[in-house]
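Visitor: Dropping in structure-v8.csv, which is CSV, C-alpha atoms:
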chain,number,residue,atom,x,y,z
E,1,MET,CA,-8.2,82.9,225.0
E,2,SER,CA,-8.6,80.4,222.2
E,3,ASN,CA,-6.9,80.5,218.8
E,4,THR,CA,-8.9,77.4,217.6
E,5,TRP,CA,-11.9,77.6,215.3
E,6,GLY,CA,-14.2,75.1,213.7
E,7,GLU,CA,-16.5,72.1,214.6
E,8,ASN,CA,-15.5,69.1,212.5
E,9,VAL,CA,-12.3,70.5,211.0
E,10,LYS,CA,-10.6,72.7,213.5
E,11,LEU,CA,-7.9,75.4,212.7
E,12,THR,CA,-5.4,76.6,215.3
E,13,VAL,CA,-3.1,79.5,214.4
E,14,PHE,CA,0.1,80.3,216.4
E,15,GLY,CA,3.0,82.7,216.4
E,16,GLU,CA,3.8,86.4,216.3
E,17,SER,CA,4.8,88.8,213.6
E,18,HIS,CA,8.4,89.1,214.7
E,19,GLY,CA,8.8,85.7,216.5
E,20,PRO,CA,10.9,82.9,215.0
E,21,VAL,CA,8.0,81.1,213.3
E,22,ILE,CA,4.3,81.3,212.6
E,23,GLY,CA,2.1,78.3,211.8
E,24,ALA,CA,-1.2,76.4,212.0
E,25,VAL,CA,-2.6,73.1,213.0
E,26,LEU,CA,-5.4,71.7,210.8
E,27,ASP,CA,-7.2,69.0,212.8
E,28,GLY,CA,-10.0,66.8,211.5
E,29,LEU,CA,-9.1,66.6,207.8
E,30,PRO,CA,-10.4,63.4,206.3
E,31,ALA,CA,-7.8,60.7,205.8
E,32,GLY,CA,-6.7,59.8,202.2
E,33,GLU,CA,-7.0,63.3,200.7
E,34,THR,CA,-4.4,64.3,198.1
E,35,ILE,CA,-2.9,67.8,198.3
E,36,ASP,CA,-1.0,69.6,195.5
E,37,TRP,CA,1.7,71.4,197.5
E,38,ASN,CA,2.7,73.5,194.4
E,39,GLU,CA,-0.8,74.8,194.3
E,40,VAL,CA,-0.6,75.7,198.0
E,41,LYS,CA,2.6,77.5,197.4
E,42,ARG,CA,1.0,79.5,194.6
E,43,GLU,CA,-1.9,80.5,196.9
E,44,ILE,CA,0.5,81.6,199.6
E,45,GLY,CA,2.5,83.6,197.1
E,46,ARG,CA,-0.7,85.6,196.3
E,47,ARG,CA,-0.6,87.0,199.8
E,48,ALA,CA,3.1,87.3,200.2
E,49,PRO,CA,4.5,90.9,200.5
E,50,GLY,CA,7.2,92.7,198.5
E,51,LYS,CA,5.9,91.9,195.0
E,52,SER,CA,5.1,95.4,193.8
E,53,SER,CA,5.2,99.1,194.8
E,54,LEU,CA,1.5,98.7,195.8
E,55,THR,CA,2.5,96.5,198.8
E,56,THR,CA,4.9,96.6,201.8
E,57,ALA,CA,8.6,96.2,201.0
E,58,ARG,CA,8.9,93.5,203.7
E,59,SER,CA,10.0,90.5,201.8
E,60,GLU,CA,8.9,87.0,203.1
E,61,THR,CA,9.2,83.9,201.0
E,62,ASP,CA,6.5,82.3,203.2
E,63,SER,CA,8.1,78.9,202.6
E,64,PHE,CA,6.6,76.3,204.8
E,65,THR,CA,7.3,72.9,206.3
E,66,VAL,CA,4.6,70.3,206.9
E,67,GLU,CA,5.5,68.6,210.2
E,68,SER,CA,2.8,66.0,210.5
E,69,GLY,CA,-0.5,64.7,209.1
E,70,PHE,CA,0.7,63.9,205.6
E,71,TYR,CA,2.4,60.7,204.5
E,72,ASN,CA,2.7,58.8,201.2
E,73,ASN,CA,1.1,61.7,199.3
E,74,HIS,CA,-2.1,61.6,201.4
E,75,THR,CA,-3.5,63.1,204.6
E,76,THR,CA,-3.3,60.7,207.4
E,77,GLY,CA,-6.4,61.8,209.4
E,78,THR,CA,-4.2,63.1,212.2
E,79,PRO,CA,-3.5,66.8,212.8
E,80,LEU,CA,-1.6,68.5,209.9
E,81,CYS,CA,0.9,71.0,211.3
E,82,VAL,CA,2.6,73.6,209.2
E,83,VAL,CA,5.4,75.9,210.2
E,84,MET,CA,6.6,79.1,208.4
E,85,LYS,CA,9.8,81.0,209.4
E,86,ASN,CA,9.8,84.7,209.8
E,87,GLU,CA,12.8,85.7,207.7
E,88,ASN,CA,12.7,89.5,207.2
E,89,CYS,CA,11.9,91.1,210.6
E,90,ARG,CA,13.2,94.6,211.6
E,91,SER,CA,12.1,94.7,215.2
E,92,GLY,CA,14.0,97.9,215.8
E,93,ASP,CA,11.3,99.7,213.8
E,94,TYR,CA,9.0,99.0,216.8
E,95,GLU,CA,11.1,99.9,219.8
E,96,GLU,CA,9.4,103.2,220.4
E,97,LEU,CA,6.0,101.6,220.0
E,98,GLN,CA,6.2,99.7,223.3
E,99,TYR,CA,4.5,102.7,225.0
E,100,LEU,CA,3.2,104.7,222.0
E,101,MET,CA,-0.2,103.4,221.0
E,102,ARG,CA,-0.7,103.3,217.2
E,103,PRO,CA,-4.1,104.7,216.2
E,104,GLY,CA,-6.2,102.1,214.5
E,105,HIS,CA,-4.1,99.2,215.8
E,106,ALA,CA,-4.8,96.7,218.7
E,107,ASP,CA,-1.8,98.1,220.7
E,108,TYR,CA,-3.8,99.7,223.4
E,109,ALA,CA,-6.6,97.1,223.5
E,110,GLY,CA,-4.1,94.3,223.5
E,111,THR,CA,-2.0,95.9,226.3
E,112,ILE,CA,-5.0,96.2,228.5
E,113,ARG,CA,-6.3,92.7,227.6
E,114,TYR,CA,-3.0,90.9,228.3
E,115,LYS,CA,-1.8,93.2,231.1
E,116,GLY,CA,1.2,94.5,229.1
E,117,HIS,CA,2.6,91.0,228.3
E,118,ASN,CA,1.6,91.0,224.7
E,119,ASP,CA,4.3,91.0,222.0
E,120,TYR,CA,4.0,94.5,220.5
E,121,ARG,CA,6.6,94.1,217.7
E,122,GLY,CA,4.8,94.4,214.4
E,123,GLY,CA,1.5,93.9,216.1
E,124,GLY,CA,2.5,90.5,217.5
E,125,HIS,CA,-0.3,88.0,217.3
E,126,PHE,CA,-2.7,90.7,216.1
E,127,SER,CA,-0.6,91.2,213.0
E,128,GLY,CA,-1.7,90.5,209.4
E,129,ARG,CA,1.4,88.3,209.2
E,130,LEU,CA,-0.8,85.7,211.0
E,131,THR,CA,-3.0,85.5,207.9
E,132,ALA,CA,-0.3,83.5,206.0
E,133,PRO,CA,-1.2,80.3,207.9
E,134,LEU,CA,-4.9,81.0,207.3
E,135,VAL,CA,-4.1,81.2,203.5
E,136,PHE,CA,-2.3,77.8,203.9
E,137,ALA,CA,-5.4,76.3,205.5
E,138,GLY,CA,-7.7,77.9,203.0
E,139,ALA,CA,-5.5,76.6,200.1
E,140,VAL,CA,-5.9,73.0,201.5
E,141,ALA,CA,-9.6,73.5,202.0
E,142,LYS,CA,-10.0,74.9,198.4
E,143,GLN,CA,-8.5,71.7,197.0
E,144,LEU,CA,-10.8,69.5,199.0
E,145,LEU,CA,-13.8,71.6,198.1
E,146,ARG,CA,-12.9,71.6,194.4
E,147,GLN,CA,-12.8,67.8,194.5
E,148,ARG,CA,-16.4,68.0,195.6
E,149,GLY,CA,-17.4,70.5,192.9
E,150,ILE,CA,-17.3,73.6,195.0
E,151,VAL,CA,-15.2,76.7,193.9
E,152,VAL,CA,-14.4,79.9,195.8
E,153,GLY,CA,-13.5,83.1,193.9
E,154,THR,CA,-12.9,86.7,194.7
E,155,HIS,CA,-12.2,90.1,193.1
E,156,VAL,CA,-11.6,93.6,194.2
E,157,LEU,CA,-15.0,95.3,194.1
E,158,GLN,CA,-13.7,98.7,195.3
E,159,ILE,CA,-10.5,100.6,196.2
E,160,GLY,CA,-11.2,104.0,197.6
E,161,SER,CA,-13.6,105.8,195.2
E,162,ILE,CA,-13.1,103.3,192.3
E,163,VAL,CA,-15.7,100.6,192.0
E,164,ASP,CA,-15.5,97.4,189.8
E,165,MET,CA,-18.5,95.7,188.3
E,166,PRO,CA,-20.0,93.0,190.6
E,167,PHE,CA,-20.2,89.3,190.0
E,168,ASN,CA,-23.2,88.0,188.2
E,169,PRO,CA,-25.3,87.0,191.2
E,170,LEU,CA,-26.7,84.0,189.3
E,171,GLY,CA,-23.2,82.6,189.0
E,172,GLU,CA,-19.8,82.9,187.2
E,173,LYS,CA,-18.0,80.3,185.2
E,174,VAL,CA,-15.5,78.3,187.2
E,175,GLU,CA,-12.8,79.2,184.7
E,176,ARG,CA,-13.4,82.9,185.3
E,177,LEU,CA,-13.3,82.5,189.1
E,178,GLN,CA,-10.1,80.5,188.9
E,179,ALA,CA,-8.5,82.9,186.4
E,180,LEU,CA,-8.8,85.8,188.9
E,181,THR,CA,-6.3,84.1,191.2
E,182,ALA,CA,-3.6,84.8,188.6
E,183,GLU,CA,-4.1,88.5,188.7
E,184,THR,CA,-2.2,90.9,191.0
E,185,LEU,CA,-5.2,93.2,191.1
E,186,PRO,CA,-8.1,91.0,190.0
E,187,VAL,CA,-11.1,92.9,188.7
E,188,LEU,CA,-13.9,92.1,186.3
E,189,ASP,CA,-13.7,95.4,184.4
E,190,VAL,CA,-10.0,95.5,183.4
E,191,ALA,CA,-10.3,99.3,182.8
E,192,LYS,CA,-10.7,99.8,186.6
E,193,ALA,CA,-7.3,98.2,187.5
E,194,PRO,CA,-5.1,101.2,186.5
E,195,LEU,CA,-7.5,103.6,188.2
E,196,MET,CA,-7.3,101.6,191.4
E,197,GLU,CA,-3.5,101.5,191.2
E,198,ARG,CA,-3.5,105.3,190.8
E,199,GLU,CA,-5.7,105.6,193.9
E,200,ILE,CA,-3.2,103.4,195.9
E,201,ALA,CA,-0.2,105.3,194.6
E,202,ALA,CA,-1.7,108.6,195.5
E,203,ALA,CA,-2.4,107.5,199.1
E,204,LYS,CA,1.2,106.2,199.4
E,205,GLU,CA,2.6,109.5,198.1
E,206,ALA,CA,0.6,111.4,200.7
E,207,GLY,CA,1.9,109.2,203.5
E,208,ASP,CA,-1.6,107.8,203.9
E,209,SER,CA,-3.5,104.5,203.0
E,210,VAL,CA,-6.7,103.5,201.4
E,211,GLY,CA,-9.3,100.7,202.0
E,212,GLY,CA,-11.8,98.8,199.8
E,213,THR,CA,-14.2,96.0,199.4
E,214,ILE,CA,-13.7,92.4,198.3
E,215,GLU,CA,-16.5,90.4,196.8
E,216,THR,CA,-16.6,86.6,197.1
E,217,MET,CA,-18.6,83.9,195.3
E,218,ILE,CA,-18.9,80.3,196.3
E,219,THR,CA,-20.4,78.0,193.5
E,220,GLY,CA,-21.3,74.4,193.5
E,221,ILE,CA,-22.6,74.0,197.1
E,222,PRO,CA,-25.9,72.1,197.1
E,223,ALA,CA,-29.1,73.2,198.9
E,224,GLY,CA,-29.7,72.1,202.5
E,225,TYR,CA,-26.4,73.0,204.3
E,226,GLY,CA,-26.5,75.2,207.4
E,227,ASN,CA,-28.7,75.7,210.4
E,228,PRO,CA,-31.3,78.3,211.4
E,229,PHE,CA,-31.2,80.9,214.2
E,230,PHE,CA,-27.9,80.6,216.1
E,231,ASP,CA,-25.7,78.8,213.6
E,232,PRO,CA,-26.7,79.9,210.0
E,233,VAL,CA,-24.1,79.9,207.2
E,234,GLU,CA,-24.0,83.7,207.4
E,235,SER,CA,-23.0,83.5,211.1
E,236,ARG,CA,-20.3,80.9,210.5
E,237,LEU,CA,-18.8,82.8,207.6
E,238,SER,CA,-19.0,86.2,209.4
E,239,HIS,CA,-17.4,84.7,212.5
E,240,MET,CA,-14.4,83.6,210.5
E,241,LEU,CA,-14.2,86.6,208.3
E,242,PHE,CA,-14.2,89.0,211.2
E,243,SER,CA,-11.2,87.1,212.5
E,244,VAL,CA,-9.2,88.5,209.5
E,245,PRO,CA,-7.4,91.8,210.6
E,246,ALA,CA,-8.9,94.9,208.9
E,247,VAL,CA,-12.3,93.4,208.1
E,248,LYS,CA,-14.9,95.8,209.4
E,249,GLY,CA,-18.1,94.9,207.5
E,250,VAL,CA,-19.6,91.8,205.9
E,251,SER,CA,-22.9,91.6,203.9
E,252,PHE,CA,-24.6,88.8,202.0
E,253,GLY,CA,-26.2,89.1,198.6
E,254,ASP,CA,-27.5,92.6,198.1
E,255,GLY,CA,-26.8,93.3,201.8
E,256,PHE,CA,-27.7,96.8,203.0
E,257,GLU,CA,-29.3,97.5,199.6
E,258,LEU,CA,-32.1,95.2,200.7
E,259,ALA,CA,-33.3,97.9,203.1
E,260,ALA,CA,-34.6,99.9,200.1
E,261,MET,CA,-36.4,97.0,198.4
E,262,GLY,CA,-39.9,95.8,198.7
E,263,GLY,CA,-40.6,92.1,199.2
E,264,SER,CA,-41.7,91.7,195.6
E,265,GLU,CA,-38.2,92.8,194.5
E,266,SER,CA,-36.0,91.2,197.1
E,267,ASN,CA,-37.7,87.8,197.1
E,268,ASP,CA,-35.9,85.3,194.8
E,269,ALA,CA,-38.5,83.5,192.7
E,270,PHE,CA,-38.0,79.7,192.3
E,271,TYR,CA,-38.3,77.7,189.1
E,272,TYR,CA,-37.2,74.4,187.6
E,273,ASP,CA,-34.5,74.6,184.8
E,274,THR,CA,-34.5,72.4,181.7
E,275,ASP,CA,-32.7,69.6,183.7
E,276,GLY,CA,-35.3,69.7,186.5
E,277,ASN,CA,-33.0,71.5,189.0
E,278,VAL,CA,-34.4,74.1,191.4
E,279,LYS,CA,-33.0,77.6,190.7
E,280,THR,CA,-34.0,81.2,191.5
E,281,ARG,CA,-34.6,83.9,189.0
E,282,THR,CA,-32.6,86.4,191.0
E,283,ASN,CA,-30.1,86.0,193.9
E,284,HIS,CA,-30.7,89.1,196.1
E,285,ASN,CA,-30.2,86.9,199.2
E,286,GLY,CA,-26.8,85.5,198.3
E,287,GLY,CA,-27.8,81.9,198.0
E,288,LEU,CA,-29.1,81.6,201.5
E,289,ASN,CA,-32.5,81.4,203.1
E,290,GLY,CA,-33.1,80.9,206.8
E,291,GLY,CA,-29.3,80.4,207.2
E,292,ILE,CA,-29.3,77.4,204.9
E,293,THR,CA,-28.0,77.1,201.3
E,294,ASN,CA,-30.6,77.1,198.6
E,295,GLY,CA,-28.4,75.8,195.8
E,296,MET,CA,-27.6,79.2,194.3
E,297,PRO,CA,-24.1,80.7,194.5
E,298,ILE,CA,-23.2,82.2,197.9
E,299,THR,CA,-22.2,85.8,197.5
E,300,PHE,CA,-20.8,88.2,200.1
E,301,LYS,CA,-18.8,91.4,200.4
E,302,ALA,CA,-16.1,92.1,203.0
E,303,VAL,CA,-15.1,95.7,203.8
E,304,ILE,CA,-11.4,96.1,204.4
E,305,LYS,CA,-10.4,99.3,206.3
E,306,ALA,CA,-7.4,101.4,205.2
E,307,THR,CA,-4.1,100.2,206.6
E,308,ALA,CA,-3.7,101.7,210.1
E,309,SER,CA,0.1,102.1,209.9
E,310,ILE,CA,0.7,105.4,208.0
E,311,ALA,CA,3.5,108.0,207.8
E,312,LYS,CA,1.2,110.9,208.5
E,313,ALA,CA,1.5,112.4,212.0
E,314,GLN,CA,-1.3,111.2,214.3
E,315,GLU,CA,-2.4,112.1,217.8
E,316,THR,CA,-1.9,109.4,220.3
E,317,ILE,CA,-0.8,108.7,223.9
E,318,ASN,CA,2.3,107.4,225.8
E,319,ILE,CA,1.1,104.9,228.3
E,320,LYS,CA,4.3,105.0,230.3
E,321,THR,CA,4.5,108.8,230.8
E,322,LYS,CA,0.7,109.1,230.5
E,323,GLU,CA,1.1,112.1,228.2
E,324,ARG,CA,-0.1,113.1,224.9
E,325,ALA,CA,2.1,112.3,221.9
E,326,VAL,CA,2.3,112.6,218.2
E,327,LEU,CA,3.3,109.5,216.1
E,328,SER,CA,4.4,109.0,212.5
E,329,VAL,CA,4.6,105.2,212.0
E,330,LYS,CA,8.0,104.1,210.6
E,331,GLY,CA,8.8,100.8,208.9
E,332,ARG,CA,7.4,99.0,205.9
E,333,HIS,CA,3.6,99.0,205.5
E,334,ASP,CA,1.0,98.4,202.7
E,335,PRO,CA,-0.6,101.6,201.4
E,336,CYS,CA,-3.6,99.3,200.7
E,337,ILE,CA,-4.1,95.9,202.3
E,338,VAL,CA,-7.0,94.9,200.0
E,339,LEU,CA,-4.8,93.2,197.4
E,340,ARG,CA,-3.1,90.9,199.8
E,341,ALA,CA,-6.3,90.3,201.7
E,342,LEU,CA,-8.0,88.6,198.7
E,343,PRO,CA,-6.5,85.1,199.2
E,344,VAL,CA,-7.1,85.5,203.0
E,345,ILE,CA,-10.8,86.1,202.5
E,346,GLU,CA,-10.9,83.2,200.0
E,347,GLY,CA,-9.1,81.0,202.5
E,348,ALA,CA,-11.3,81.9,205.4
E,349,ALA,CA,-14.4,81.3,203.3
E,350,ALA,CA,-13.1,77.9,202.0
E,351,TRP,CA,-12.2,76.6,205.5
E,352,THR,CA,-15.6,77.6,206.8
E,353,ILE,CA,-17.5,75.9,204.0
E,354,LEU,CA,-15.4,72.8,204.3
E,355,ASP,CA,-16.2,72.7,208.0
E,356,ILE,CA,-20.0,73.2,207.4
E,357,LEU,CA,-19.9,70.5,204.7
E,358,LEU,CA,-18.0,67.8,206.7
E,359,THR,CA,-19.9,68.6,209.9
E,360,GLN,CA,-23.3,68.0,208.3
E,361,GLN,CA,-22.0,64.9,206.4
E,362,SER,CA,-20.5,63.3,209.5
Mind converting the file's structure to structure tokens?

Guide:
Amino acid sequence: MSNTWGENVKLTVFGESHGPVIGAVLDGLPAGETIDWNEVKREIGRRAPGKSSLTTARSETDSFTVESGFYNNHTTGTPLCVVMKNENCRSGDYEELQYLMRPGHADYAGTIRYKGHNDYRGGGHFSGRLTAPLVFAGAVAKQLLRQRGIVVGTHVLQIGSIVDMPFNPLGEKVERLQALTAETLPVLDVAKAPLMEREIAAAKEAGDSVGGTIETMITGIPAGYGNPFFDPVESRLSHMLFSVPAVKGVSFGDGFELAAMGGSESNDAFYYDTDGNVKTRTNHNGGLNGGITNGMPITFKAVIKATASIAKAQETINIKTKERAVLSVKGRHDPCIVLRALPVIEGAAAWTILDILLTQQS
């Protein structure tokens, strides 16, 4: 088992949901880079729970300590290690779950994989709690990318049956992408936000949960980055994105809608703009051809399934008694994980693009 990902810049995530700490090691960051820690704190705060009735009541400050790799206001080039304390655990909520397998969770699969030695409290290492260090890494990566003219932005495209308007595939202004990070429920059509909130509240009232879709745009990345066949940009991003708990689908550009298009429609025609730069008239392919960037914005959608922990009674099994059981999950859980997943998806994308960028430039 490996918890390390990346080629030139490598990310290792460690800890469990109810252990003393969680954290990450960021290895391969260039020396001499400046990092605004207040900006990192703000990014982590976007993912933090307990901020509204739309998220779990578990309250974590997600304060962090940088143990190495940063000195005199610059990265040193050696591994940057961050540690975050788990401050608001209620492990007693999970005592009965040692043998009762929660539907939709990794309890059963993890028990089999690790022969019963996995930490089951709060999902252990499978928990969404482990996305906090990923947001930290992404926040660092976003700053390094921004210094190179590359910006990553996200919005909620869908919650349940409510759908927001999509990004302009030809690109959004940097100011608009950055402004979305200040919103609790970032949408492009502000009229959709209260409808989405109502959808979440209804699921919570019913003891249920609801999923959705996050749309991401990456602007400013030049043409020519990536590799064909086994290591395209799509594969690299998908690999990292599917590491985020609850992600069950990823598509680029128009994605599955391309199946209904003819080539004359789905092909993105090239032209020279007034400054002599190569552009495409459309961006059905999400800024990627043959697994390589073509200079247009990279766009993708990530499907986030409904939170698996719900109060509604569900059929399950007791692996100790080998009997059928009924389970109503207790504790504090998000009725919709999409809102807190936004900075996680951003962070995952930013770290991947930084790795692609620095690997090809090395």

Visitor: Counting only C-alpha atoms, which residues sit no farther than 8 Å from the position (-8.8, 82.3, 211.5) in the file's frame? I'd like them as a list in words.

Guide: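 Output: Asn3, Thr4, Trp5, Leu11, Thr12, Val13, Thr131, Leu134, Met240, Leu241, Ser243, Val244 and Ala348 of chain E.
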
Visitor: Go through E:Phe64, E:Tyr225, E:Phe167, E:Phe242 and flag the residue nearest E:Ala132, using only C-alpha atoms for the distances.

Guide: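 Of E:Phe64, E:Tyr225, E:Phe167, E:Phe242, the one nearest E:Ala132 is E:Phe64, counting only C-alpha atoms.
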
Visitor: With distances taken over all atoms listed in the file, which residue among E:Gly45, E:Gly6, E:Gly291, E:Gly123 lies nearest E:Gly104?

Guide: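 Ranking E:Gly45, E:Gly6, E:Gly291, E:Gly123 by distance to E:Gly104, first place goes to E:Gly123.
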
Visitor: Which one is closest to E:Met165: E:Lys322, E:Ile214, E:Asp62, E:Gly290? Count all atoms listed in the file.

Guide: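 Of the candidates, the smallest distance to E:Met165 is held by E:Ile214.
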
Visitor: In Å, rounded to a single decimal, give me how far atom CA of E:Leu342 is from atom CA of E:Lys279.

Guide: 28.5 Å

Visitor: Any idea what the distance is between atom CA of E:Tyr271 and atom CA of E:Ala223?

Guide: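 Rounded to one decimal, the two atoms are 14.2 Å apart.
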
Visitor: Quick one, how far is atom CA of E:Ala24 from atom CA of E:Val174?

Guide: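 Between atom CA of E:Ala24 and atom CA of E:Val174 the gap works out to 28.7 Å.
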
Visitor: Taking all atoms listed in the file into account, name the residue in E:Ser235, E:Leu54, E:Pro169, E:Gly263 that is nearest to E:Thr280.

Guide: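 Answer, going by the shortest atom-to-atom distance: E:Pro169.
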
Visitor: Of the candidates E:Arg281, E:Thr65, E:Ile292, E:Leu258, which shows the shortest atom-to-atom distance to E:Phe230, using all atoms listed in the file?

Guide: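 Of the candidates, the smallest distance to E:Phe230 is held by E:Ile292.
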
Visitor: Ranking E:Met101, E:Leu130, E:Ala109, E:Leu339 by minimum distance to E:Gln314 and counting only C-alpha atoms, which one comes first?

Guide: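 Ranking E:Met101, E:Leu130, E:Ala109, E:Leu339 by distance to E:Gln314, first place goes to E:Met101.
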
Visitor: Scan for residues within 12 Å of the point (-14.0, 68.1, 193.9) in the coordinates of the file, using all atoms listed in the file, and reply as a count of residues only.

Guide: 19
